[in-house]
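Structure file structure.pdb; described as PDB, N, CA and C atoms.
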MODEL        1
ATOM      1  N   MET J   1     204.482 112.611 127.899
ATOM      2  CA  MET J   1     204.659 112.413 126.488
ATOM      3  C   MET J   1     203.504 111.607 125.891
ATOM      4  N   LYS J   2     203.087 110.540 126.606
ATOM      5  CA  LYS J   2     201.989 109.719 126.126
ATOM      6  C   LYS J   2     200.696 110.524 126.067
ATOM      7  N   LYS J   3     200.493 111.411 127.041
ATOM      8  CA  LYS J   3     199.286 112.238 127.053
ATOM      9  C   LYS J   3     199.281 113.188 125.860
ATOM     10  N   THR J   4     200.433 113.710 125.499
ATOM     11  CA  THR J   4     200.538 114.622 124.358
ATOM     12  C   THR J   4     200.217 113.890 123.059
ATOM     13  N   VAL J   5     200.762 112.704 122.895
ATOM     14  CA  VAL J   5     200.504 111.909 121.688
ATOM     15  C   VAL J   5     199.022 111.536 121.615
ATOM     16  N   LEU J   6     198.443 111.136 122.735
ATOM     17  CA  LEU J   6     197.030 110.786 122.783
ATOM     18  C   LEU J   6     196.170 112.003 122.449
ATOM     19  N   PHE J   7     196.515 113.150 123.000
ATOM     20  CA  PHE J   7     195.769 114.383 122.733
ATOM     21  C   PHE J   7     195.835 114.744 121.244
ATOM     22  N   ILE J   8     197.001 114.678 120.646
ATOM     23  CA  ILE J   8     197.166 115.009 119.222
ATOM     24  C   ILE J   8     196.388 114.013 118.358
ATOM     25  N   THR J   9     196.424 112.739 118.727
ATOM     26  CA  THR J   9     195.687 111.726 117.979
ATOM     27  C   THR J   9     194.194 111.979 118.041
ATOM     28  N   LEU J  10     193.677 112.247 119.235
ATOM     29  CA  LEU J  10     192.245 112.533 119.386
ATOM     30  C   LEU J  10     191.846 113.805 118.638
ATOM     31  N   LEU J  11     192.667 114.829 118.708
ATOM     32  CA  LEU J  11     192.396 116.075 118.010
ATOM     33  C   LEU J  11     192.370 115.845 116.489
ATOM     34  N   SER J  12     193.267 115.021 115.994
ATOM     35  CA  SER J  12     193.298 114.708 114.561
ATOM     36  C   SER J  12     192.040 113.959 114.138
ATOM     37  N   ILE J  13     191.612 113.009 114.917
ATOM     38  CA  ILE J  13     190.406 112.236 114.612
ATOM     39  C   ILE J  13     189.182 113.146 114.603
ATOM     40  N   ILE J  14     189.058 114.010 115.577
ATOM     41  CA  ILE J  14     187.926 114.936 115.644
ATOM     42  C   ILE J  14     187.934 115.876 114.437
ATOM     43  N   THR J  15     189.092 116.402 114.095
ATOM     44  CA  THR J  15     189.206 117.324 112.965
ATOM     45  C   THR J  15     188.850 116.634 111.663
ATOM     46  N   LEU J  16     189.365 115.448 111.445
ATOM     47  CA  LEU J  16     189.079 114.721 110.210
ATOM     48  C   LEU J  16     187.617 114.312 110.103
ATOM     49  N   SER J  17     187.008 113.921 111.207
ATOM     50  CA  SER J  17     185.621 113.486 111.156
ATOM     51  C   SER J  17     184.659 114.659 110.994
ATOM     52  N   SER J  18     185.082 115.871 111.354
ATOM     53  CA  SER J  18     184.202 117.019 111.223
ATOM     54  C   SER J  18     184.277 117.658 109.843
ATOM     55  N   CYS J  19     185.263 117.277 109.035
ATOM     56  CA  CYS J  19     185.391 117.806 107.674
ATOM     57  C   CYS J  19     184.465 117.021 106.762
ATOM     58  N   LYS J  20     183.510 117.705 106.174
ATOM     59  CA  LYS J  20     182.601 117.052 105.250
ATOM     60  C   LYS J  20     183.004 117.389 103.830
ATOM     61  N   LYS J  21     183.026 116.376 103.017
ATOM     62  CA  LYS J  21     183.340 116.575 101.614
ATOM     63  C   LYS J  21     182.102 117.140 100.927
ATOM     64  N   LYS J  22     182.303 118.226 100.151
ATOM     65  CA  LYS J  22     181.184 118.804  99.424
ATOM     66  C   LYS J  22     180.761 117.843  98.327
ATOM     67  N   GLU J  23     179.466 117.811  98.074
ATOM     68  CA  GLU J  23     178.925 116.957  97.029
ATOM     69  C   GLU J  23     179.231 117.547  95.653
ATOM     70  N   LEU J  24     179.546 116.695  94.709
ATOM     71  CA  LEU J  24     179.819 117.107  93.342
ATOM     72  C   LEU J  24     178.544 117.649  92.712
ATOM     73  N   THR J  25     178.639 118.826  92.091
ATOM     74  CA  THR J  25     177.509 119.403  91.376
ATOM     75  C   THR J  25     177.959 119.827  89.985
ATOM     76  N   SER J  26     176.977 120.051  89.131
ATOM     77  CA  SER J  26     177.225 120.577  87.791
ATOM     78  C   SER J  26     176.291 121.758  87.601
ATOM     79  N   CYS J  27     176.844 122.909  87.227
ATOM     80  CA  CYS J  27     176.075 124.144  87.142
ATOM     81  C   CYS J  27     176.646 125.006  86.015
ATOM     82  N   ILE J  28     175.757 125.593  85.197
ATOM     83  CA  ILE J  28     176.174 126.437  84.080
ATOM     84  C   ILE J  28     175.668 127.860  84.283
ATOM     85  N   GLU J  29     176.572 128.827  84.128
ATOM     86  CA  GLU J  29     176.197 130.239  84.053
ATOM     87  C   GLU J  29     176.577 130.727  82.659
ATOM     88  N   SER J  30     175.739 131.595  82.074
ATOM     89  CA  SER J  30     176.078 132.166  80.768
ATOM     90  C   SER J  30     175.814 133.661  80.798
ATOM     91  N   ASP J  31     176.523 134.390  79.939
ATOM     92  CA  ASP J  31     176.350 135.838  79.913
ATOM     93  C   ASP J  31     175.183 136.264  79.029
ATOM     94  N   ASN J  32     174.540 135.300  78.340
ATOM     95  CA  ASN J  32     173.412 135.621  77.482
ATOM     96  C   ASN J  32     172.675 134.332  77.136
ATOM     97  N   ASN J  33     171.372 134.438  76.886
ATOM     98  CA  ASN J  33     170.581 133.277  76.458
ATOM     99  C   ASN J  33     170.072 133.415  75.037
ATOM    100  N   THR J  34     170.180 134.626  74.492
ATOM    101  CA  THR J  34     169.759 134.880  73.115
ATOM    102  C   THR J  34     170.771 135.803  72.471
ATOM    103  N   ILE J  35     171.317 135.367  71.319
ATOM    104  CA  ILE J  35     172.291 136.188  70.598
ATOM    105  C   ILE J  35     171.968 136.168  69.114
ATOM    106  N   SER J  36     172.651 136.992  68.351
ATOM    107  CA  SER J  36     172.558 136.980  66.894
ATOM    108  C   SER J  36     173.728 136.180  66.331
ATOM    109  N   THR J  37     173.578 135.661  65.114
ATOM    110  CA  THR J  37     174.679 134.925  64.493
ATOM    111  C   THR J  37     175.904 135.822  64.434
ATOM    112  N   GLY J  38     177.055 135.222  64.633
ATOM    113  CA  GLY J  38     178.315 135.959  64.655
ATOM    114  C   GLY J  38     178.722 136.417  66.047
ATOM    115  N   GLN J  39     177.803 136.392  66.995
ATOM    116  CA  GLN J  39     178.122 136.775  68.368
ATOM    117  C   GLN J  39     178.560 135.543  69.167
ATOM    118  N   SER J  40     179.161 135.812  70.326
ATOM    119  CA  SER J  40     179.638 134.743  71.212
ATOM    120  C   SER J  40     178.855 134.718  72.511
ATOM    121  N   ILE J  41     178.855 133.567  73.138
ATOM    122  CA  ILE J  41     178.333 133.413  74.496
ATOM    123  C   ILE J  41     179.470 132.873  75.356
ATOM    124  N   THR J  42     179.596 133.402  76.561
ATOM    125  CA  THR J  42     180.554 132.881  77.529
ATOM    126  C   THR J  42     179.813 131.964  78.491
ATOM    127  N   PHE J  43     180.255 130.725  78.574
ATOM    128  CA  PHE J  43     179.697 129.746  79.508
ATOM    129  C   PHE J  43     180.726 129.501  80.601
ATOM    130  N   THR J  44     180.262 129.511  81.840
ATOM    131  CA  THR J  44     181.135 129.307  82.991
ATOM    132  C   THR J  44     180.557 128.205  83.872
ATOM    133  N   SER J  45     181.415 127.317  84.320
ATOM    134  CA  SER J  45     180.988 126.299  85.273
ATOM    135  C   SER J  45     180.908 126.931  86.656
ATOM    136  N   CYS J  46     179.726 126.849  87.266
ATOM    137  CA  CYS J  46     179.548 127.299  88.648
ATOM    138  C   CYS J  46     179.391 126.070  89.554
ATOM    139  N   SER J  47     179.960 124.976  89.118
ATOM    140  CA  SER J  47     179.874 123.692  89.812
ATOM    141  C   SER J  47     180.712 123.699  91.092
ATOM    142  N   GLU J  48     180.496 122.677  91.922
ATOM    143  CA  GLU J  48     181.274 122.527  93.149
ATOM    144  C   GLU J  48     181.915 121.145  93.198
ATOM    145  N   SER J  49     183.105 121.093  93.750
ATOM    146  CA  SER J  49     183.861 119.856  93.977
ATOM    147  C   SER J  49     184.287 119.161  92.695
ATOM    148  N   GLU J  50     184.329 119.879  91.579
ATOM    149  CA  GLU J  50     184.727 119.276  90.315
ATOM    150  C   GLU J  50     186.223 119.477  90.071
ATOM    151  N   LEU J  51     186.819 118.555  89.344
ATOM    152  CA  LEU J  51     188.223 118.680  88.963
ATOM    153  C   LEU J  51     188.415 118.619  87.452
ATOM    154  N   SER J  52     187.390 118.180  86.716
ATOM    155  CA  SER J  52     187.485 118.207  85.258
ATOM    156  C   SER J  52     186.103 118.431  84.654
ATOM    157  N   TYR J  53     186.100 118.910  83.397
ATOM    158  CA  TYR J  53     184.888 119.349  82.722
ATOM    159  C   TYR J  53     184.803 118.741  81.330
ATOM    160  N   ASN J  54     183.570 118.541  80.866
ATOM    161  CA  ASN J  54     183.323 118.089  79.502
ATOM    162  C   ASN J  54     182.056 118.789  79.017
ATOM    163  N   TRP J  55     182.232 119.754  78.098
ATOM    164  CA  TRP J  55     181.120 120.517  77.534
ATOM    165  C   TRP J  55     180.802 119.986  76.137
ATOM    166  N   THR J  56     179.527 119.845  75.813
ATOM    167  CA  THR J  56     179.099 119.523  74.454
ATOM    168  C   THR J  56     177.893 120.390  74.108
ATOM    169  N   ILE J  57     177.740 120.673  72.817
ATOM    170  CA  ILE J  57     176.627 121.493  72.343
ATOM    171  C   ILE J  57     175.918 120.738  71.231
ATOM    172  N   VAL J  58     174.577 120.778  71.266
ATOM    173  CA  VAL J  58     173.760 120.222  70.200
ATOM    174  C   VAL J  58     172.873 121.345  69.695
ATOM    175  N   GLY J  59     172.943 121.576  68.391
ATOM    176  CA  GLY J  59     172.152 122.630  67.771
ATOM    177  C   GLY J  59     171.619 122.168  66.436
ATOM    178  N   PRO J  60     171.324 123.116  65.554
ATOM    179  CA  PRO J  60     170.843 122.748  64.228
ATOM    180  C   PRO J  60     171.825 121.804  63.528
ATOM    181  N   GLU J  61     171.309 121.019  62.626
ATOM    182  CA  GLU J  61     172.107 119.967  61.976
ATOM    183  C   GLU J  61     173.410 120.474  61.357
ATOM    184  N   THR J  62     173.428 121.676  60.828
ATOM    185  CA  THR J  62     174.620 122.198  60.154
ATOM    186  C   THR J  62     175.561 122.975  61.072
ATOM    187  N   ALA J  63     175.244 123.059  62.336
ATOM    188  CA  ALA J  63     176.074 123.832  63.274
ATOM    189  C   ALA J  63     177.404 123.126  63.517
ATOM    190  N   PRO J  64     178.538 123.826  63.317
ATOM    191  CA  PRO J  64     179.844 123.195  63.541
ATOM    192  C   PRO J  64     180.084 122.826  65.002
ATOM    193  N   GLU J  65     179.400 123.474  65.929
ATOM    194  CA  GLU J  65     179.579 123.197  67.358
ATOM    195  C   GLU J  65     179.130 121.788  67.736
ATOM    196  N   ASN J  66     178.276 121.168  66.910
ATOM    197  CA  ASN J  66     177.768 119.823  67.210
ATOM    198  C   ASN J  66     178.878 118.783  67.314
ATOM    199  N   LYS J  67     180.026 119.043  66.723
ATOM    200  CA  LYS J  67     181.113 118.055  66.707
ATOM    201  C   LYS J  67     182.262 118.441  67.616
ATOM    202  N   MET J  68     182.078 119.469  68.425
ATOM    203  CA  MET J  68     183.170 119.959  69.265
ATOM    204  C   MET J  68     182.955 119.577  70.727
ATOM    205  N   VAL J  69     184.064 119.485  71.458
ATOM    206  CA  VAL J  69     184.037 119.205  72.893
ATOM    207  C   VAL J  69     185.047 120.145  73.553
ATOM    208  N   TRP J  70     184.686 120.675  74.721
ATOM    209  CA  TRP J  70     185.567 121.586  75.449
ATOM    210  C   TRP J  70     185.799 121.036  76.845
ATOM    211  N   SER J  71     186.954 121.387  77.440
ATOM    212  CA  SER J  71     187.278 120.844  78.764
ATOM    213  C   SER J  71     187.807 121.907  79.721
ATOM    214  N   ASP J  72     187.468 123.165  79.476
ATOM    215  CA  ASP J  72     187.885 124.250  80.363
ATOM    216  C   ASP J  72     186.738 124.670  81.278
ATOM    217  N   ARG J  73     187.068 125.368  82.351
ATOM    218  CA  ARG J  73     186.044 125.871  83.274
ATOM    219  C   ARG J  73     185.201 126.953  82.612
ATOM    220  N   VAL J  74     185.818 127.792  81.783
ATOM    221  CA  VAL J  74     185.129 128.862  81.069
ATOM    222  C   VAL J  74     185.372 128.670  79.579
ATOM    223  N   ILE J  75     184.295 128.716  78.800
ATOM    224  CA  ILE J  75     184.432 128.617  77.356
ATOM    225  C   ILE J  75     183.698 129.786  76.699
ATOM    226  N   ILE J  76     184.253 130.296  75.625
ATOM    227  CA  ILE J  76     183.637 131.379  74.861
ATOM    228  C   ILE J  76     183.456 130.855  73.446
ATOM    229  N   ILE J  77     182.194 130.787  73.011
ATOM    230  CA  ILE J  77     181.882 130.161  71.738
ATOM    231  C   ILE J  77     181.152 131.153  70.827
ATOM    232  N   PRO J  78     181.680 131.409  69.623
ATOM    233  CA  PRO J  78     180.935 132.189  68.628
ATOM    234  C   PRO J  78     180.011 131.252  67.835
ATOM    235  N   PHE J  79     178.841 131.735  67.469
ATOM    236  CA  PHE J  79     177.871 130.912  66.754
ATOM    237  C   PHE J  79     177.565 131.505  65.388
ATOM    238  N   SER J  80     177.611 130.665  64.357
ATOM    239  CA  SER J  80     177.395 131.123  62.990
ATOM    240  C   SER J  80     176.097 130.599  62.377
ATOM    241  N   VAL J  81     175.411 129.703  63.061
ATOM    242  CA  VAL J  81     174.182 129.116  62.535
ATOM    243  C   VAL J  81     173.034 129.431  63.497
ATOM    244  N   ALA J  82     171.964 130.010  62.956
ATOM    245  CA  ALA J  82     170.794 130.343  63.776
ATOM    246  C   ALA J  82     170.041 129.080  64.185
ATOM    247  N   GLY J  83     169.398 129.139  65.344
ATOM    248  CA  GLY J  83     168.576 128.023  65.805
ATOM    249  C   GLY J  83     168.604 127.869  67.307
ATOM    250  N   ALA J  84     167.943 126.818  67.771
ATOM    251  CA  ALA J  84     167.896 126.484  69.194
ATOM    252  C   ALA J  84     169.043 125.528  69.512
ATOM    253  N   TYR J  85     169.695 125.766  70.641
ATOM    254  CA  TYR J  85     170.848 124.964  71.064
ATOM    255  C   TYR J  85     170.648 124.480  72.497
ATOM    256  N   THR J  86     171.274 123.358  72.789
ATOM    257  CA  THR J  86     171.362 122.848  74.160
ATOM    258  C   THR J  86     172.829 122.602  74.460
ATOM    259  N   ILE J  87     173.288 123.123  75.589
ATOM    260  CA  ILE J  87     174.659 122.869  76.030
ATOM    261  C   ILE J  87     174.594 121.958  77.245
ATOM    262  N   THR J  88     175.484 120.977  77.279
ATOM    263  CA  THR J  88     175.564 120.024  78.384
ATOM    264  C   THR J  88     176.934 120.140  79.031
ATOM    265  N   LEU J  89     176.935 120.194  80.352
ATOM    266  CA  LEU J  89     178.182 120.191  81.120
ATOM    267  C   LEU J  89     178.208 118.956  82.006
ATOM    268  N   ASN J  90     179.216 118.128  81.787
ATOM    269  CA  ASN J  90     179.487 117.002  82.682
ATOM    270  C   ASN J  90     180.687 117.396  83.530
ATOM    271  N   THR J  91     180.554 117.297  84.839
ATOM    272  CA  THR J  91     181.676 117.553  85.735
ATOM    273  C   THR J  91     182.076 116.238  86.399
ATOM    274  N   PHE J  92     183.356 116.162  86.730
ATOM    275  CA  PHE J  92     183.893 114.929  87.302
ATOM    276  C   PHE J  92     184.680 115.250  88.564
ATOM    277  N   SER J  93     184.660 114.331  89.508
ATOM    278  CA  SER J  93     185.317 114.544  90.800
ATOM    279  C   SER J  93     186.826 114.322  90.744
ATOM    280  N   ARG J  94     187.325 113.793  89.623
ATOM    281  CA  ARG J  94     188.759 113.565  89.461
ATOM    282  C   ARG J  94     189.205 114.146  88.125
ATOM    283  N   PHE J  95     190.503 114.300  87.964
ATOM    284  CA  PHE J  95     191.049 114.803  86.710
ATOM    285  C   PHE J  95     190.881 113.779  85.591
ATOM    286  N   SER J  96     190.998 114.229  84.376
ATOM    287  CA  SER J  96     190.930 113.377  83.176
ATOM    288  C   SER J  96     189.572 112.711  83.008
ATOM    289  N   LEU J  97     188.514 113.423  83.424
ATOM    290  CA  LEU J  97     187.137 112.950  83.259
ATOM    291  C   LEU J  97     186.887 111.617  83.961
ATOM    292  N   LEU J  98     187.454 111.480  85.154
ATOM    293  CA  LEU J  98     187.293 110.262  85.950
ATOM    294  C   LEU J  98     186.557 110.574  87.245
ATOM    295  N   GLY J  99     186.123 109.530  87.929
ATOM    296  CA  GLY J  99     185.471 109.684  89.222
ATOM    297  C   GLY J  99     183.974 109.871  89.081
ATOM    298  N   ASP J 100     183.370 110.393  90.141
ATOM    299  CA  ASP J 100     181.933 110.656  90.118
ATOM    300  C   ASP J 100     181.622 111.683  89.043
ATOM    301  N   LYS J 101     180.388 111.626  88.520
ATOM    302  CA  LYS J 101     179.986 112.506  87.431
ATOM    303  C   LYS J 101     178.659 113.183  87.774
ATOM    304  N   ALA J 102     178.570 114.477  87.455
ATOM    305  CA  ALA J 102     177.317 115.219  87.580
ATOM    306  C   ALA J 102     177.071 115.923  86.250
ATOM    307  N   THR J 103     175.807 116.064  85.869
ATOM    308  CA  THR J 103     175.460 116.626  84.560
ATOM    309  C   THR J 103     174.361 117.669  84.699
ATOM    310  N   THR J 104     174.472 118.721  83.882
ATOM    311  CA  THR J 104     173.404 119.713  83.776
ATOM    312  C   THR J 104     173.342 120.206  82.342
ATOM    313  N   THR J 105     172.199 120.762  81.960
ATOM    314  CA  THR J 105     172.035 121.318  80.613
ATOM    315  C   THR J 105     171.425 122.710  80.696
ATOM    316  N   ALA J 106     171.617 123.472  79.628
ATOM    317  CA  ALA J 106     170.989 124.781  79.494
ATOM    318  C   ALA J 106     170.650 124.975  78.022
ATOM    319  N   THR J 107     169.664 125.808  77.751
ATOM    320  CA  THR J 107     169.282 126.077  76.374
ATOM    321  C   THR J 107     169.486 127.555  76.061
ATOM    322  N   PHE J 108     169.703 127.837  74.778
ATOM    323  CA  PHE J 108     169.861 129.213  74.317
ATOM    324  C   PHE J 108     169.492 129.271  72.851
ATOM    325  N   THR J 109     169.307 130.491  72.349
ATOM    326  CA  THR J 109     168.863 130.686  70.971
ATOM    327  C   THR J 109     169.819 131.618  70.240
ATOM    328  N   VAL J 110     170.120 131.262  69.000
ATOM    329  CA  VAL J 110     170.897 132.115  68.105
ATOM    330  C   VAL J 110     169.964 132.567  66.984
ATOM    331  N   ASN J 111     169.784 133.876  66.842
ATOM    332  CA  ASN J 111     168.889 134.435  65.812
ATOM    333  C   ASN J 111     169.659 134.799  64.567
TER     334      ASN J 111
ENDMDL
END
Show me the file's structure as structure tokens.
Amino acid sequence: MKKTVLFITLLSIITLSSCKKKELTSCIESDNNTISTGQSITFTSCSESELSYNWTIVGPETAPENKMVWSDRVIIIPFSVAGAYTITLNTFSRFSLLGDKATTTATFTVN
């Protein structure tokens, strides 16, 4: 019985020590980099080890997207103002935007 318990304990230690936690990353994929006004772009997080998301967009001064924040893995945004935009994705290792944080940005144009 003692040998069985010792064997299970050693096996558990080996299994736990061999499991590596993936590093948190932030990655953006989009279905387009240039669109016309009135069209939408789909942005998808291709990040790893994330549990929550925070997307923000900065564009021309009058763009309504400048004041919006999204927290889904996939977002679809229609654009009504032409110009150059930057989208930022912050990913977090815990829910509710907590834990470790990773950030990435991408640019796109609305004609």
Among listed residues J:Cys27, J:Ser40, J:Lys22, J:Trp70, nearest Thr104 in chain J (using all atoms listed in the file):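 Among the listed residues, J:Cys27 lies closest to Thr104 in chain J.
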Report, in Å to a single decimal, how far apart atom N of Lys101 in chain J and atom N of Val58 in chain J are.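 Separation of atom N of Val58 in chain J and atom N of Lys101 in chain J: 20.4 Å.
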One number please: atom C of Thr109 in chain J to atom C of Ile75 in chain J, in Å, one decimal. 15.4 Å
Coordinates-based distance that separates atom N of Lys67 in chain J from atom N of Glu29 in chain J (Å, one decimal):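 These atoms are spaced 20.3 Å apart.
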Name the closest residue to Glu50 in chain J among the candidates J:Thr37, J:Asn66, J:Ser71, J:Thr25; distances are taken between atoms, counting only N, CA and C atoms.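 Ranked by minimum distance to Glu50 in chain J, first place goes to J:Thr25.
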Determine the nearest neighbour of Leu89 in chain J from the options J:Leu24, J:Met68, J:Ala106, J:Ile76, counting only N, CA and C atoms.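 So, comparing all the options, the nearest one is J:Ala106.
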Run DSSP on the backbone of this structure and report the residues of chain J it assigns to strand (DSSP E or B), as a PyMOL selection string. chain J and resi 28-30+34-35+40-45+52-58+69-70+74-78+83-94+98-110
Run the PyMOL selection byres (((chain J and resi 48 and name CA) around 12) and name CA) against the file shown and list the residues it catches, as a tab-separated table (two decimals) with N, CA and C atoms, keeping the file's coordinate frame.
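To be explicit, this is the file written out as out-v4.tsv:
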chain	number	residue	atom	x	y	z
J	21	LYS	N	183.03	116.38	103.02
J	21	LYS	CA	183.34	116.58	101.61
J	21	LYS	C	182.10	117.14	100.93
J	22	LYS	N	182.30	118.23	100.15
J	22	LYS	CA	181.18	118.80	99.42
J	22	LYS	C	180.76	117.84	98.33
J	23	GLU	N	179.47	117.81	98.07
J	23	GLU	CA	178.92	116.96	97.03
J	23	GLU	C	179.23	117.55	95.65
J	24	LEU	N	179.55	116.70	94.71
J	24	LEU	CA	179.82	117.11	93.34
J	24	LEU	C	178.54	117.65	92.71
J	25	THR	N	178.64	118.83	92.09
J	25	THR	CA	177.51	119.40	91.38
J	25	THR	C	177.96	119.83	89.98
J	26	SER	N	176.98	120.05	89.13
J	26	SER	CA	177.22	120.58	87.79
J	26	SER	C	176.29	121.76	87.60
J	27	CYS	N	176.84	122.91	87.23
J	27	CYS	CA	176.08	124.14	87.14
J	27	CYS	C	176.65	125.01	86.02
J	28	ILE	N	175.76	125.59	85.20
J	28	ILE	CA	176.17	126.44	84.08
J	28	ILE	C	175.67	127.86	84.28
J	45	SER	N	181.42	127.32	84.32
J	45	SER	CA	180.99	126.30	85.27
J	45	SER	C	180.91	126.93	86.66
J	46	CYS	N	179.73	126.85	87.27
J	46	CYS	CA	179.55	127.30	88.65
J	46	CYS	C	179.39	126.07	89.55
J	47	SER	N	179.96	124.98	89.12
J	47	SER	CA	179.87	123.69	89.81
J	47	SER	C	180.71	123.70	91.09
J	49	SER	N	183.10	121.09	93.75
J	49	SER	CA	183.86	119.86	93.98
J	49	SER	C	184.29	119.16	92.70
J	50	GLU	N	184.33	119.88	91.58
J	50	GLU	CA	184.73	119.28	90.32
J	50	GLU	C	186.22	119.48	90.07
J	51	LEU	N	186.82	118.56	89.34
J	51	LEU	CA	188.22	118.68	88.96
J	51	LEU	C	188.42	118.62	87.45
J	52	SER	N	187.39	118.18	86.72
J	52	SER	CA	187.48	118.21	85.26
J	52	SER	C	186.10	118.43	84.65
J	53	TYR	N	186.10	118.91	83.40
J	53	TYR	CA	184.89	119.35	82.72
J	53	TYR	C	184.80	118.74	81.33
J	73	ARG	N	187.07	125.37	82.35
J	73	ARG	CA	186.04	125.87	83.27
J	73	ARG	C	185.20	126.95	82.61
J	90	ASN	N	179.22	118.13	81.79
J	90	ASN	CA	179.49	117.00	82.68
J	90	ASN	C	180.69	117.40	83.53
J	91	THR	N	180.55	117.30	84.84
J	91	THR	CA	181.68	117.55	85.74
J	91	THR	C	182.08	116.24	86.40
J	92	PHE	N	183.36	116.16	86.73
J	92	PHE	CA	183.89	114.93	87.30
J	92	PHE	C	184.68	115.25	88.56
J	93	SER	N	184.66	114.33	89.51
J	93	SER	CA	185.32	114.54	90.80
J	93	SER	C	186.83	114.32	90.74
J	101	LYS	N	180.39	111.63	88.52
J	101	LYS	CA	179.99	112.51	87.43
J	101	LYS	C	178.66	113.18	87.77
J	102	ALA	N	178.57	114.48	87.46
J	102	ALA	CA	177.32	115.22	87.58
J	102	ALA	C	177.07	115.92	86.25
J	103	THR	N	175.81	116.06	85.87
J	103	THR	CA	175.46	116.63	84.56
J	103	THR	C	174.36	117.67	84.70
Pick from J:Ser30, J:Ser96, J:Thr42, J:Pro60: nearest to Ile77 in chain J, with only C-alpha atoms counted?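 Smallest separation from Ile77 in chain J among the options: J:Thr42.
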